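Student: First, the structure itself, so that you have it in front of you.
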Amino acid sequence: RAARRAAPRAASVLLHNTPAGGHAVIGFHLARQLASQGHAVTIMVPCEEGADKMRKLPFSRFGELRAAGVETVFGKPAEGFGRQFDVVIDNNGKDVDSVKPVAEWAASQGAKQFLYVSSAGIYKPSVTPPHVEGDAVKSSASHVAVEEYLQAGPMAESIFRPQYITGEANNKDCEEWFFDRIVRGRPVPVPGDGMAVTNVAQVEDMAKMIGLAVGNPNAHGQIFNCVGDRGVTLNGLVQLCAEAAGVSDVKIVNYDPEAIGVEGKKAFPFRYTYHFFSEPRNAVARLGMTYERPLAEALKARFADYQASGRASADLSAKFELDDKILAAMGASTVSASSW
């Protein structure tokens, strides 16, 4: 049975958010959710406010955070704030050298809780999927060293391991890769047999999970797979994206990258050589994590955003050169049965 908890007291929270990469959108949603729950939230980005990348999502929408009462700051935590934070969240560092200064500063100014956004990519491939908390990890991965450093530290730490992300204000392609091909009536090349299972989590759920740990003793010393509650096959993800776009006859071309001389990592944005998906067992059990919207519904919302962005009508022909090579090698047309 899921853990129950009383409503947490309002906390002063500092969120150290990455200035680039897919995890940035987690911080955006987390700050917004925490503020709506009554926490005093400061989101800090280690970057110059006037930098070009601050004009991109999700940073271009930081005005919404300020309107919700979130303080937005650009710089380094060690530069000081003149006040104490109860909870510090690092959604930036990928190695000890980048996380250690933040953690030391947090401890020195009196923070009692430190949350760290790590990565589910550190799990070793398993013959008994899904990945669950406690499974073997790659000792050479820099995130593992960070986790071990925090576990030996003075603050109550909680570690979150996200995987693939979809959601509003995302700045890294996920479902867009599939939409780009589907709306243009192109076949979607998927390496392998397409039956490899992955996990695509909604960023709103990821932020919710991390927020459940704030001020929660059940989270102390714990690792949480910050993922969705269901897996999806790679071919299935194509089908869900096609349904979201209103296309009923999308063509999927499965292929062996090695046999046709292409590098799979460059041709496809997901891991495909094994089942790479995690389950959020610990968050459900210890934090009372629940899920409401299925991935199919989330993708419909994402397709509406995709349309609104103008990307559906943009000239992306240069992006399909590798696709064309794959399709030619497979004897497949570059045009599917229909287009959006």
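Labeling convention for the structure tokens: chains A, B, ... as they appear, residues from 1 per chain, ligands from 1 in order of appearance.
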If you count only C-alpha atoms, which residues fall within 8 Å of region 44-52 of chain A, apart from same-chain ones fewer than 2 positions away, as a PyMOL selection string?
Tutor: chain A and resi 14-19+42+54-56+72-77
Student: Residues of the last selection are to be written out with N, CA, C and O atoms, as an mmCIF file, in the first residue's frame.
Tutor:
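Result written to selection_5.cif:
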```
data_model
loop_
_atom_site.group_PDB
_atom_site.id
_atom_site.type_symbol
_atom_site.label_atom_id
_atom_site.label_comp_id
_atom_site.auth_asym_id
_atom_site.auth_seq_id
_atom_site.Cartn_x
_atom_site.Cartn_y
_atom_site.Cartn_z
ATOM 1 N N LEU A 14 15.921 26.095 -2.788
ATOM 2 C CA LEU A 14 16.775 26.574 -3.866
ATOM 3 C C LEU A 14 16.909 25.465 -4.895
ATOM 4 O O LEU A 14 17.324 24.349 -4.568
ATOM 5 N N LEU A 15 16.571 25.770 -6.127
ATOM 6 C CA LEU A 15 16.669 24.820 -7.221
ATOM 7 C C LEU A 15 17.783 25.260 -8.163
ATOM 8 O O LEU A 15 17.680 26.295 -8.827
ATOM 9 N N HIS A 16 18.859 24.509 -8.191
ATOM 10 C CA HIS A 16 20.005 24.804 -9.047
ATOM 11 C C HIS A 16 19.762 24.089 -10.369
ATOM 12 O O HIS A 16 19.877 22.862 -10.459
ATOM 13 N N ASN A 17 19.408 24.831 -11.393
ATOM 14 C CA ASN A 17 18.903 24.244 -12.633
ATOM 15 C C ASN A 17 19.908 24.331 -13.771
ATOM 16 O O ASN A 17 20.551 25.364 -13.974
ATOM 17 N N THR A 18 20.016 23.252 -14.541
ATOM 18 C CA THR A 18 20.947 23.219 -15.659
ATOM 19 C C THR A 18 20.615 24.288 -16.695
ATOM 20 O O THR A 18 19.443 24.550 -16.970
ATOM 21 N N PRO A 19 21.634 24.911 -17.299
ATOM 22 C CA PRO A 19 21.387 25.932 -18.317
ATOM 23 C C PRO A 19 21.191 25.354 -19.712
ATOM 24 O O PRO A 19 20.977 26.105 -20.667
ATOM 25 N N THR A 42 13.366 29.566 -5.120
ATOM 26 C CA THR A 42 14.343 30.307 -5.914
ATOM 27 C C THR A 42 14.941 29.333 -6.917
ATOM 28 O O THR A 42 15.416 28.267 -6.524
ATOM 29 N N MET A 54 19.497 31.428 -23.020
ATOM 30 C CA MET A 54 18.424 31.823 -22.112
ATOM 31 C C MET A 54 17.191 32.357 -22.859
ATOM 32 O O MET A 54 16.151 32.601 -22.255
ATOM 33 N N ARG A 55 17.323 32.501 -24.172
ATOM 34 C CA ARG A 55 16.170 32.904 -24.979
ATOM 35 C C ARG A 55 15.416 31.701 -25.538
ATOM 36 O O ARG A 55 14.429 31.853 -26.252
ATOM 37 N N LYS A 56 15.906 30.509 -25.194
ATOM 38 C CA LYS A 56 15.260 29.279 -25.642
ATOM 39 C C LYS A 56 14.427 28.683 -24.508
ATOM 40 O O LYS A 56 14.570 29.057 -23.341
ATOM 41 N N THR A 72 13.911 34.147 -9.750
ATOM 42 C CA THR A 72 14.849 33.609 -10.735
ATOM 43 C C THR A 72 16.173 34.347 -10.608
ATOM 44 O O THR A 72 16.219 35.572 -10.588
ATOM 45 N N VAL A 73 17.270 33.576 -10.520
ATOM 46 C CA VAL A 73 18.595 34.124 -10.285
ATOM 47 C C VAL A 73 19.568 33.456 -11.247
ATOM 48 O O VAL A 73 19.432 32.274 -11.571
ATOM 49 N N PHE A 74 20.555 34.203 -11.684
ATOM 50 C CA PHE A 74 21.562 33.678 -12.594
ATOM 51 C C PHE A 74 22.934 33.865 -11.961
ATOM 52 O O PHE A 74 23.286 34.975 -11.555
ATOM 53 N N GLY A 75 23.685 32.777 -11.839
ATOM 54 C CA GLY A 75 24.988 32.862 -11.198
ATOM 55 C C GLY A 75 25.339 31.574 -10.493
ATOM 56 O O GLY A 75 24.953 30.489 -10.921
ATOM 57 N N LYS A 76 26.030 31.679 -9.346
ATOM 58 C CA LYS A 76 26.464 30.515 -8.591
ATOM 59 C C LYS A 76 25.952 30.613 -7.157
ATOM 60 O O LYS A 76 25.937 31.698 -6.570
ATOM 61 N N PRO A 77 25.521 29.477 -6.569
ATOM 62 C CA PRO A 77 25.008 29.516 -5.189
ATOM 63 C C PRO A 77 26.008 30.107 -4.208
ATOM 64 O O PRO A 77 25.624 30.808 -3.275
#
```
Student: May I have all residues of region 19-236 of chain A that DSSP, computed from the backbone, assigns to helix (DSSP H, G or I), given as a VMD selection string?
Tutor: chain A and resid 24 to 36 52 to 55 59 to 67 77 to 79 96 to 108 120 to 122 142 to 151 175 to 182 203 to 213 217 to 219 234 to 236
Student: Which of these residues is nearest to Ser333 (chain A), using only C-alpha atoms: A:Ala213, A:Pro130, A:Val190, A:Val253?
Tutor: A:Val253
Student: Go through A:Arg161, A:Lys266, A:Lys53, A:Lys138 and flag the residue nearest Ala20 (chain A), using only C-alpha atoms for the distances.
Tutor: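 Selected residue with least distance to Ala20 (chain A): A:Lys53.
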Student: Mind giving me the straight-line distance from CA of Pro129 (chain A) to CA of Lys251 (chain A) in Å, one decimal?
Tutor: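 Separation between CA of Pro129 (chain A) and CA of Lys251 (chain A): 28.2 Å.
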Student: Write out as an NGL selection string all residues of region 179-314 of chain A that DSSP puts in strand (DSSP E) for this structure's backbone.
Tutor: :A and (188-191 or 197-198 or 200-202 or 222-226 or 232-233 or 252-255)
